[in-house]
Amino acid sequence: MPSRVVDYLVRAVSTAGTDHIFGVDGANIEDLYDAVFDAPDAVTGVIAKHEFSAATMADGYARSTGGLGIVAATSGGGAMNLVAGLAESFTSRVPVLALVGQPPTALEGRGAFQDSSGLAGTIDAARLFGEISRFCARVEHASELPDLLARAIDAARRGGPAVLLLPKDVQQSEIACPPFLMPPRTHRHDEPGSARVRAALIEAKRTGKVVIVAGDQVARDDARDQLAALAAALDAAVGVTPDAKDVYDNTDPAFCGVAGSMGHPELAAAIRSAALCLLIGTPMPITASTGLDELLKDTTVAGIGVQAPYVPAVHAYSTDLAGALGALAAEFVGAAAYIDDRPAAPLTTLDVPAARGPGLRYRELVETIDAALPAGTDVFADAGNTGAAVVHHLRVPRGGRFVVALGMGGMGYAFGAGIGSAFARRHGPHGLRRTIVIAGDGAFYMHGMEVHTALEHRLPVTFIVLNNNAHAMCVTREQIYYRDRYSFNRFRPAQLGDGIGAMFPELAAYSVHDPAELTDALGHCLENPGPSFISIDCDPDEIPPFVPFLTSLESTRRNP
């Protein structure tokens with residue numbers, strides 16, 4: 001039976017296994033929401049406060065589920081606001097489908113409001129989104145939709161956003177075709193490369209120890225169990241990149257911490273004495289390789305994943321790490337039957353200068369949060385000094401997810417992403433699953449009003465804002481690299497906990513000034529089935545556990 005294009009889209013989204021569409025409504029996307037209303041059992045429409053946050057909701061949803069995130073936006077400014085969020089998904093290879101409304105085709109190039117057809121000197125949305133997507137197409141006729149939608153979903157599932165530009169008249173037009181069928185998922189394995197990696201591992205096992213550094217493709221491919229099996233079979237030490245803290249049990253005795261600019265000395269020591277370093281699902285960008293560059297140059301390196309390492313390595317291309325690691329582990333089963341049941345040793349923290357300002361210190365507040373979180377809790381950390389402290393000090397709760405956006409590192413990402421993930425994972429095996437968002441006050445000022453979205457949907461999300469009245473990482477850079485001659489990045493004091501509590505009387509909101517208050521506030525928040533908010537006073541001048549800063553300070557100390 002004929003139906004509207006938008007009705008077909010909603011049914012197709014449901015067929016793709018996605019039950020939420022995140023977005024902001026508007027004249028050239030409103031027909032999609034009309035279709036969502038008519039299909040309440042298929043898809044839930046979620047209205048965000050800003051299209052960037054809608055895009056990060058879809059991104060967080062996709063990262064937590066391993067499935068497809070959907071974001072919708074209208075034309076003009078709504079479409080343009082998607083760019084930063086989709087750029088993060090592109091760089092981090094997260095599968096997101098963006099449905100972007102456009103003015104009616106009859107008005108393209110004829111002075112239409114918010115025209116981005118590329119005609120008559122207007123912005124060309126297809127070219128713009130083509131640069132930050134794996135696939136982008138303008139749907140000119142309803143008959144084109146089934147094929148273009150299948151191609152878009154297939155491209156997104158290969159890692160990154162896909163964009164469909166949908167003129168309003170096309171959305172409203174009728175389409176008569178069979179129900180949407182998901183394109184079969186295909187994977188590519190590099191058998192010759194895999195054979196070389198196996199040979200390198202066999203030789204390394206003969207001569208010494210293997211160290212694994214696992215990256216975020218392990219999470220995207222849902223290969224955590226296979227990674228654990230391979231690590232056990234190889235009797236390997238395991239480190240993780242900063243954006244992949246949840247891919248390996250942080251309490252396992254083999255865990256030796258985080259790689260790179262927010263990393264731990266134990267991983268560097270393990271690589272220094274290793275016969276081989278196996279990089280799984282990471283090319284080792286600078287955030288992961290800082291402090292390890294020279295060690296990796298002097299170590300045999302092998303890699304498995306969609307991106308070859310930036311360092312010289314024997315590499316096997318794979319779009320399915322679950323399959324690749326499972327097969328590799330099976331080949332080494334019996335080679336190392338040793339099970340290490342010792343408790344995990346505490347990791348060595350980076351030595352930072354003592355802070356003298358007001359408020360809680362990064363380490364004590366993160367360790368207090370760590371101690372309070374039950375198993376299965378999901379954690380989303382934002383960029384900046386806050387993110388560095390969380391990556392370095394927090395052990396991810398067993399069974400929980402951990403996400404920090406290091407593709408583009410956009411401030412405010414964690415607010416939307418944590419909410420998107422909570423929609424997907426709030427019902428855990430033992431009741432409500434809590435999501436924790438940890439961000440700085442600068443990030444809160446950008447996109448923190450998504451607290452309202454969490455409140456509207458009664459999501460079990462606790463927002464923890466480190467309030468130092470500054471863009472603290474910029475303050476730190478001014479101090480270290482520009483001789484502390486000025487600051488553009490300090491703010492007048494703001495009482496965020498009190499303010500957000502007054503704005504939203506239903507929201508459980510707390511202002512924290514010392515560790516005891518933080519413990520009490522966390523207890524109240526974790527017992528609350530809905531959203532909650534904690535503002536923690538911090539020192540804008542505290543140096544975070546971030547290797548480039550600490551190296552510069554040490555260099556200045558030695559060469560004043």
# chains A, B, ... in the order shown; residues from 1 in each chain; ligands from 1
$ select_by_dssp --residues "stretch 80-320 of chain A" --states "strand (DSSP E or B)" --output "ChimeraX atom specification"
/A:96-102,117,124,135-138,161-167,174-175,189,210-214,237-240,255-258,276-280,301-305,314-318
$ closest_atom_pairs --of "stretch 495-553 of chain A" --to "stretch 356-362 of chain A" --cutoff "10 Å" --atoms "only C-alpha atoms" --output "CSV"
residue,atom,partner,partner_atom,distance
A:Val512,CA,A:Gly359,CA,8.7
A:His513,CA,A:Gly359,CA,6.0
A:Asp514,CA,A:Leu360,CA,6.1
A:Pro515,CA,A:Leu360,CA,7.0
A:Leu518,CA,A:Leu360,CA,9.5
A:Ile536,CA,A:Leu360,CA,7.4
A:Asp537,CA,A:Gly359,CA,4.7
A:Cys538,CA,A:Gly359,CA,4.3
A:Asp539,CA,A:Gly357,CA,5.2
A:Pro540,CA,A:Gly357,CA,7.7
A:Asp541,CA,A:Gly357,CA,7.0
A:Glu542,CA,A:Arg361,CA,7.6
A:Ile543,CA,A:Tyr362,CA,9.0
A:Pro544,CA,A:Tyr362,CA,7.3
A:Pro545,CA,A:Tyr362,CA,8.9
$ closest_residue --among "A:Leu455, A:Leu325, A:Cys277, A:Ala112" --to "A:Ala200" --atoms "only C-alpha atoms"
A:Cys277
$ residues_around --residues "A:Gly17" --least-positions-apart "3" --cutoff "10 Å" --atoms "only C-alpha atoms" --output "ChimeraX atom specification"
/A:12-14,20,42-43,67-69,182
$ write_last_selection --atoms "all heavy atoms" --output "PDB file, in the first residue's frame"
ATOM      1  N   ALA A  12      11.596   1.970   8.365  1.00  0.00           N
ATOM      2  CA  ALA A  12      12.940   1.485   8.036  1.00  0.00           C
ATOM      3  C   ALA A  12      13.896   1.641   9.207  1.00  0.00           C
ATOM      4  O   ALA A  12      14.726   0.758   9.477  1.00  0.00           O
ATOM      5  CB  ALA A  12      13.476   2.238   6.820  1.00  0.00           C
ATOM      6  N   VAL A  13      13.802   2.767   9.921  1.00  0.00           N
ATOM      7  CA  VAL A  13      14.642   2.971  11.103  1.00  0.00           C
ATOM      8  C   VAL A  13      14.391   1.871  12.122  1.00  0.00           C
ATOM      9  O   VAL A  13      15.320   1.314  12.715  1.00  0.00           O
ATOM     10  CB  VAL A  13      14.372   4.373  11.703  1.00  0.00           C
ATOM     11  CG1 VAL A  13      14.934   4.476  13.117  1.00  0.00           C
ATOM     12  CG2 VAL A  13      14.972   5.450  10.814  1.00  0.00           C
ATOM     13  N   SER A  14      13.120   1.529  12.319  1.00  0.00           N
ATOM     14  CA  SER A  14      12.782   0.455  13.253  1.00  0.00           C
ATOM     15  C   SER A  14      13.337  -0.881  12.766  1.00  0.00           C
ATOM     16  O   SER A  14      13.887  -1.665  13.555  1.00  0.00           O
ATOM     17  CB  SER A  14      11.263   0.372  13.424  1.00  0.00           C
ATOM     18  OG  SER A  14      10.909  -0.648  14.318  1.00  0.00           O
ATOM     19  N   HIS A  20      15.084   5.015  18.548  1.00  0.00           N
ATOM     20  CA  HIS A  20      15.013   6.436  18.897  1.00  0.00           C
ATOM     21  C   HIS A  20      15.528   7.279  17.731  1.00  0.00           C
ATOM     22  O   HIS A  20      16.501   6.910  17.067  1.00  0.00           O
ATOM     23  CB  HIS A  20      15.859   6.747  20.134  1.00  0.00           C
ATOM     24  CG  HIS A  20      15.260   6.228  21.409  1.00  0.00           C
ATOM     25  ND1 HIS A  20      15.352   4.896  21.774  1.00  0.00           N
ATOM     26  CD2 HIS A  20      14.561   6.849  22.397  1.00  0.00           C
ATOM     27  CE1 HIS A  20      14.739   4.726  22.936  1.00  0.00           C
ATOM     28  NE2 HIS A  20      14.248   5.885  23.334  1.00  0.00           N
ATOM     29  N   ALA A  42       7.022   1.945  17.158  1.00  0.00           N
ATOM     30  CA  ALA A  42       8.213   1.674  16.351  1.00  0.00           C
ATOM     31  C   ALA A  42       9.410   2.490  16.811  1.00  0.00           C
ATOM     32  O   ALA A  42      10.501   1.955  17.033  1.00  0.00           O
ATOM     33  CB  ALA A  42       7.922   1.961  14.878  1.00  0.00           C
ATOM     34  N   VAL A  43       9.206   3.794  16.961  1.00  0.00           N
ATOM     35  CA  VAL A  43      10.328   4.697  17.227  1.00  0.00           C
ATOM     36  C   VAL A  43       9.869   5.788  18.186  1.00  0.00           C
ATOM     37  O   VAL A  43       8.725   6.259  18.101  1.00  0.00           O
ATOM     38  CB  VAL A  43      10.848   5.328  15.913  1.00  0.00           C
ATOM     39  CG1 VAL A  43      11.891   6.398  16.204  1.00  0.00           C
ATOM     40  CG2 VAL A  43      11.457   4.262  15.000  1.00  0.00           C
ATOM     41  N   GLY A  67      25.060  -0.309  17.497  1.00  0.00           N
ATOM     42  CA  GLY A  67      24.134  -0.201  16.382  1.00  0.00           C
ATOM     43  C   GLY A  67      24.205   1.145  15.701  1.00  0.00           C
ATOM     44  O   GLY A  67      25.239   1.822  15.725  1.00  0.00           O
ATOM     45  N   LEU A  68      23.096   1.544  15.092  1.00  0.00           N
ATOM     46  CA  LEU A  68      23.029   2.757  14.290  1.00  0.00           C
ATOM     47  C   LEU A  68      22.324   3.857  15.073  1.00  0.00           C
ATOM     48  O   LEU A  68      21.233   3.642  15.608  1.00  0.00           O
ATOM     49  CB  LEU A  68      22.266   2.460  12.997  1.00  0.00           C
ATOM     50  CG  LEU A  68      22.114   3.583  11.973  1.00  0.00           C
ATOM     51  CD1 LEU A  68      23.463   3.911  11.343  1.00  0.00           C
ATOM     52  CD2 LEU A  68      21.108   3.161  10.892  1.00  0.00           C
ATOM     53  N   GLY A  69      22.929   5.022  15.154  1.00  0.00           N
ATOM     54  CA  GLY A  69      22.284   6.186  15.751  1.00  0.00           C
ATOM     55  C   GLY A  69      21.623   7.031  14.672  1.00  0.00           C
ATOM     56  O   GLY A  69      22.162   7.158  13.568  1.00  0.00           O
ATOM     57  N   MET A 182      17.088  -4.605   5.563  1.00  0.00           N
ATOM     58  CA  MET A 182      18.448  -4.193   5.907  1.00  0.00           C
ATOM     59  C   MET A 182      19.443  -4.824   4.942  1.00  0.00           C
ATOM     60  O   MET A 182      19.367  -6.038   4.665  1.00  0.00           O
ATOM     61  CB  MET A 182      18.783  -4.622   7.334  1.00  0.00           C
ATOM     62  CG  MET A 182      18.226  -3.703   8.387  1.00  0.00           C
ATOM     63  SD  MET A 182      19.127  -2.128   8.451  1.00  0.00           S
ATOM     64  CE  MET A 182      20.633  -2.645   9.256  1.00  0.00           C
TER      65      MET A 182
END
$ closest_atom_pairs --of "stretch 208-317 of chain A" --to "stretch 152-169 of chain A" --cutoff "10 Å" --atoms "only C-alpha atoms" --output "JSON lines"
{"residue": "A:Gln217", "atom": "CA", "partner": "A:Gly159", "partner_atom": "CA", "distance": 9.5}
{"residue": "A:Arg220", "atom": "CA", "partner": "A:Gly159", "partner_atom": "CA", "distance": 8.7}
{"residue": "A:Val306", "atom": "CA", "partner": "A:Gly159", "partner_atom": "CA", "distance": 9.3}
$ residues_around --residues "A:Gly409" --least-positions-apart "2" --cutoff "12 Å" --atoms "only C-alpha atoms" --output "NGL selection string"
:A and (56 or 84-85 or 87-89 or 91-92 or 243 or 287 or 381-385 or 387-388 or 403-407 or 411-414 or 443)
$ select_by_dssp --residues "stretch 393-532 of chain A" --states "alpha helix (DSSP H)" --output "number ranges by chain"
A: 393, 413-425, 441-447, 451-456, 472-481, 496-503, 515-527
$ closest_residue --among "A:Pro242, A:Gly291, A:Gly499, A:Pro309" --to "A:Leu394" --atoms "only C-alpha atoms"
A:Pro242
$ closest_residue --among "A:Leu278, A:Ala62, A:Leu267, A:Ile438" --to "A:Ala424" --atoms "only C-alpha atoms"
A:Ala62
$ closest_residue --among "A:Arg272, A:Arg110, A:His315, A:Lys297" --to "A:Ala195" --atoms "only C-alpha atoms"
A:His315
$ atom_distance --atom1 "atom CA of A:Leu466" --atom2 "atom CA of A:Ser535"
6.1 Å
$ atom_distance --atom1 "atom CA of A:Val333" --atom2 "atom CA of A:Lys245"
25.3 Å
$ residues_around --residues "A:Val197" --least-positions-apart "4" --cutoff "8 Å" --atoms "only C-alpha atoms" --output "ChimeraX atom specification"
/A:193,201,302-303,314-316
$ residues_around --residues "A:Cys177" --least-positions-apart "2" --cutoff "12 Å" --atoms "only C-alpha atoms" --output "VMD selection string"
chain A and resid 1 to 5 8 142 to 147 174 to 175 179 to 181
$ residues_around --residues "A:Gln479" --least-positions-apart "6" --cutoff "10 Å" --atoms "only C-alpha atoms" --output "list in words"
Met473, Arg485, Tyr486, Ser487, Asp541 and Leu553 of chain A
$ write_last_selection --atoms "N, CA and C atoms" --output "PDB file, in the first residue's frame"
ATOM      1  N   MET A 473      41.640  24.202  30.879  1.00  0.00           N
ATOM      2  CA  MET A 473      42.772  23.762  30.064  1.00  0.00           C
ATOM      3  C   MET A 473      43.393  24.953  29.327  1.00  0.00           C
ATOM      4  N   ARG A 485      51.087  35.637  31.520  1.00  0.00           N
ATOM      5  CA  ARG A 485      51.041  37.103  31.478  1.00  0.00           C
ATOM      6  C   ARG A 485      49.618  37.636  31.478  1.00  0.00           C
ATOM      7  N   TYR A 486      48.636  36.790  31.186  1.00  0.00           N
ATOM      8  CA  TYR A 486      47.255  37.244  31.059  1.00  0.00           C
ATOM      9  C   TYR A 486      46.352  36.018  31.111  1.00  0.00           C
ATOM     10  N   SER A 487      45.053  36.241  31.156  1.00  0.00           N
ATOM     11  CA  SER A 487      44.095  35.167  30.950  1.00  0.00           C
ATOM     12  C   SER A 487      42.813  35.717  30.334  1.00  0.00           C
ATOM     13  N   ASP A 541      43.574  26.595  38.634  1.00  0.00           N
ATOM     14  CA  ASP A 541      45.022  26.580  38.433  1.00  0.00           C
ATOM     15  C   ASP A 541      45.647  25.207  38.662  1.00  0.00           C
ATOM     16  N   LEU A 553      56.517  21.693  32.052  1.00  0.00           N
ATOM     17  CA  LEU A 553      56.862  22.234  33.369  1.00  0.00           C
ATOM     18  C   LEU A 553      58.219  21.733  33.823  1.00  0.00           C
TER      19      LEU A 553
END
$ atom_distance --atom1 "atom CA of A:Ala27" --atom2 "atom CA of A:Gly45"
15.9 Å
$ closest_residue --among "A:Leu550, A:Val396, A:Val451, A:Leu365" --to "A:Ala509" --atoms "only C-alpha atoms"
A:Val451
$ decode --residues "stretch 167-209 of chain A" --atoms "N, CA and C atoms" --output "CSV table (one decimal), in the first residue's frame"
chain,number,residue,atom,x,y,z
A,167,PRO,N,14.2,16.9,0.7
A,167,PRO,CA,13.3,18.1,0.4
A,167,PRO,C,11.9,17.8,1.0
A,168,LYS,N,11.3,18.9,1.4
A,168,LYS,CA,10.0,18.7,2.1
A,168,LYS,C,9.0,18.1,1.2
A,169,ASP,N,8.9,18.4,-0.1
A,169,ASP,CA,7.9,17.8,-1.0
A,169,ASP,C,8.2,16.3,-1.2
A,170,VAL,N,9.4,15.9,-1.2
A,170,VAL,CA,9.8,14.5,-1.3
A,170,VAL,C,9.3,13.8,0.0
A,171,GLN,N,9.5,14.4,1.1
A,171,GLN,CA,9.1,13.7,2.4
A,171,GLN,C,7.6,13.5,2.4
A,172,GLN,N,6.8,14.4,1.8
A,172,GLN,CA,5.4,14.3,1.8
A,172,GLN,C,4.8,13.4,0.7
A,173,SER,N,5.7,13.1,-0.3
A,173,SER,CA,5.2,12.3,-1.4
A,173,SER,C,4.9,10.9,-1.1
A,174,GLU,N,4.1,10.2,-1.9
A,174,GLU,CA,3.8,8.8,-1.7
A,174,GLU,C,4.9,7.9,-2.3
A,175,ILE,N,5.1,6.8,-1.6
A,175,ILE,CA,6.0,5.8,-2.1
A,175,ILE,C,5.3,4.4,-2.0
A,176,ALA,N,5.4,3.6,-3.1
A,176,ALA,CA,4.8,2.3,-3.1
A,176,ALA,C,5.9,1.3,-3.4
A,177,CYS,N,6.3,0.6,-2.4
A,177,CYS,CA,7.4,-0.4,-2.6
A,177,CYS,C,7.4,-1.4,-1.4
A,178,PRO,N,8.1,-2.5,-1.6
A,178,PRO,CA,8.1,-3.5,-0.5
A,178,PRO,C,8.7,-2.9,0.8
A,179,PRO,N,8.5,-3.5,1.9
A,179,PRO,CA,9.1,-3.0,3.2
A,179,PRO,C,10.6,-3.0,3.0
A,180,PHE,N,11.2,-2.1,3.8
A,180,PHE,CA,12.7,-1.9,3.7
A,180,PHE,C,13.3,-3.2,4.3
A,181,LEU,N,14.4,-3.6,3.6
A,181,LEU,CA,15.2,-4.8,4.1
A,181,LEU,C,16.6,-4.3,4.4
A,182,MET,N,17.1,-4.6,5.6
A,182,MET,CA,18.4,-4.2,5.9
A,182,MET,C,19.4,-4.8,4.9
A,183,PRO,N,20.4,-4.0,4.4
A,183,PRO,CA,21.4,-4.6,3.6
A,183,PRO,C,22.2,-5.6,4.4
A,184,PRO,N,22.6,-6.7,3.8
A,184,PRO,CA,23.4,-7.7,4.5
A,184,PRO,C,24.8,-7.1,4.9
A,185,ARG,N,25.2,-7.4,6.1
A,185,ARG,CA,26.4,-6.8,6.6
A,185,ARG,C,27.6,-7.7,6.2
A,186,THR,N,28.5,-7.0,5.5
A,186,THR,CA,29.7,-7.7,5.0
A,186,THR,C,31.0,-7.3,5.8
A,187,HIS,N,31.9,-8.1,5.9
A,187,HIS,CA,33.2,-7.8,6.6
A,187,HIS,C,34.3,-8.2,5.7
A,188,ARG,N,35.4,-7.5,5.9
A,188,ARG,CA,36.7,-7.8,5.1
A,188,ARG,C,37.8,-8.2,6.1
A,189,HIS,N,38.4,-9.3,5.8
A,189,HIS,CA,39.5,-9.8,6.5
A,189,HIS,C,40.8,-9.9,5.6
A,190,ASP,N,41.9,-9.5,6.1
A,190,ASP,CA,43.1,-9.6,5.4
A,190,ASP,C,43.9,-10.8,5.8
A,191,GLU,N,43.6,-11.9,5.0
A,191,GLU,CA,44.2,-13.2,5.4
A,191,GLU,C,45.7,-13.2,5.4
A,192,PRO,N,46.4,-12.7,4.3
A,192,PRO,CA,47.8,-12.6,4.3
A,192,PRO,C,48.4,-11.8,5.5
A,193,GLY,N,47.7,-10.7,5.8
A,193,GLY,CA,48.2,-9.9,6.9
A,193,GLY,C,48.0,-10.6,8.2
A,194,SER,N,46.8,-11.3,8.3
A,194,SER,CA,46.6,-12.1,9.6
A,194,SER,C,47.7,-13.1,9.8
A,195,ALA,N,48.1,-13.8,8.7
A,195,ALA,CA,49.1,-14.8,8.8
A,195,ALA,C,50.4,-14.2,9.3
A,196,ARG,N,50.7,-13.0,8.8
A,196,ARG,CA,52.0,-12.3,9.2
A,196,ARG,C,51.9,-11.9,10.7
A,197,VAL,N,50.7,-11.5,11.1
A,197,VAL,CA,50.5,-11.2,12.6
A,197,VAL,C,50.7,-12.4,13.4
A,198,ARG,N,50.1,-13.5,13.0
A,198,ARG,CA,50.2,-14.8,13.7
A,198,ARG,C,51.6,-15.2,13.9
A,199,ALA,N,52.4,-15.1,12.8
A,199,ALA,CA,53.8,-15.5,12.8
A,199,ALA,C,54.6,-14.6,13.7
A,200,ALA,N,54.3,-13.3,13.7
A,200,ALA,CA,55.0,-12.4,14.7
A,200,ALA,C,54.7,-12.7,16.1
A,201,LEU,N,53.4,-13.1,16.4
A,201,LEU,CA,53.0,-13.4,17.8
A,201,LEU,C,53.7,-14.7,18.2
A,202,ILE,N,53.8,-15.7,17.3
A,202,ILE,CA,54.4,-17.0,17.6
A,202,ILE,C,55.9,-16.7,18.0
A,203,GLU,N,56.6,-15.9,17.2
A,203,GLU,CA,58.0,-15.6,17.5
A,203,GLU,C,58.1,-14.8,18.8
A,204,ALA,N,57.2,-13.9,19.0
A,204,ALA,CA,57.3,-13.1,20.3
A,204,ALA,C,57.1,-14.0,21.5
A,205,LYS,N,56.1,-14.9,21.4
A,205,LYS,CA,55.8,-15.8,22.5
A,205,LYS,C,57.0,-16.7,22.8
A,206,ARG,N,57.8,-17.0,21.7
A,206,ARG,CA,59.0,-17.8,21.9
A,206,ARG,C,60.1,-17.1,22.7
A,207,THR,N,60.2,-15.8,22.5
A,207,THR,CA,61.3,-15.0,23.0
A,207,THR,C,61.0,-14.1,24.2
A,208,GLY,N,59.7,-13.9,24.4
A,208,GLY,CA,59.4,-12.9,25.5
A,208,GLY,C,57.9,-12.7,25.7
A,209,LYS,N,57.6,-11.5,26.1
A,209,LYS,CA,56.2,-11.1,26.5
A,209,LYS,C,55.5,-10.3,25.5
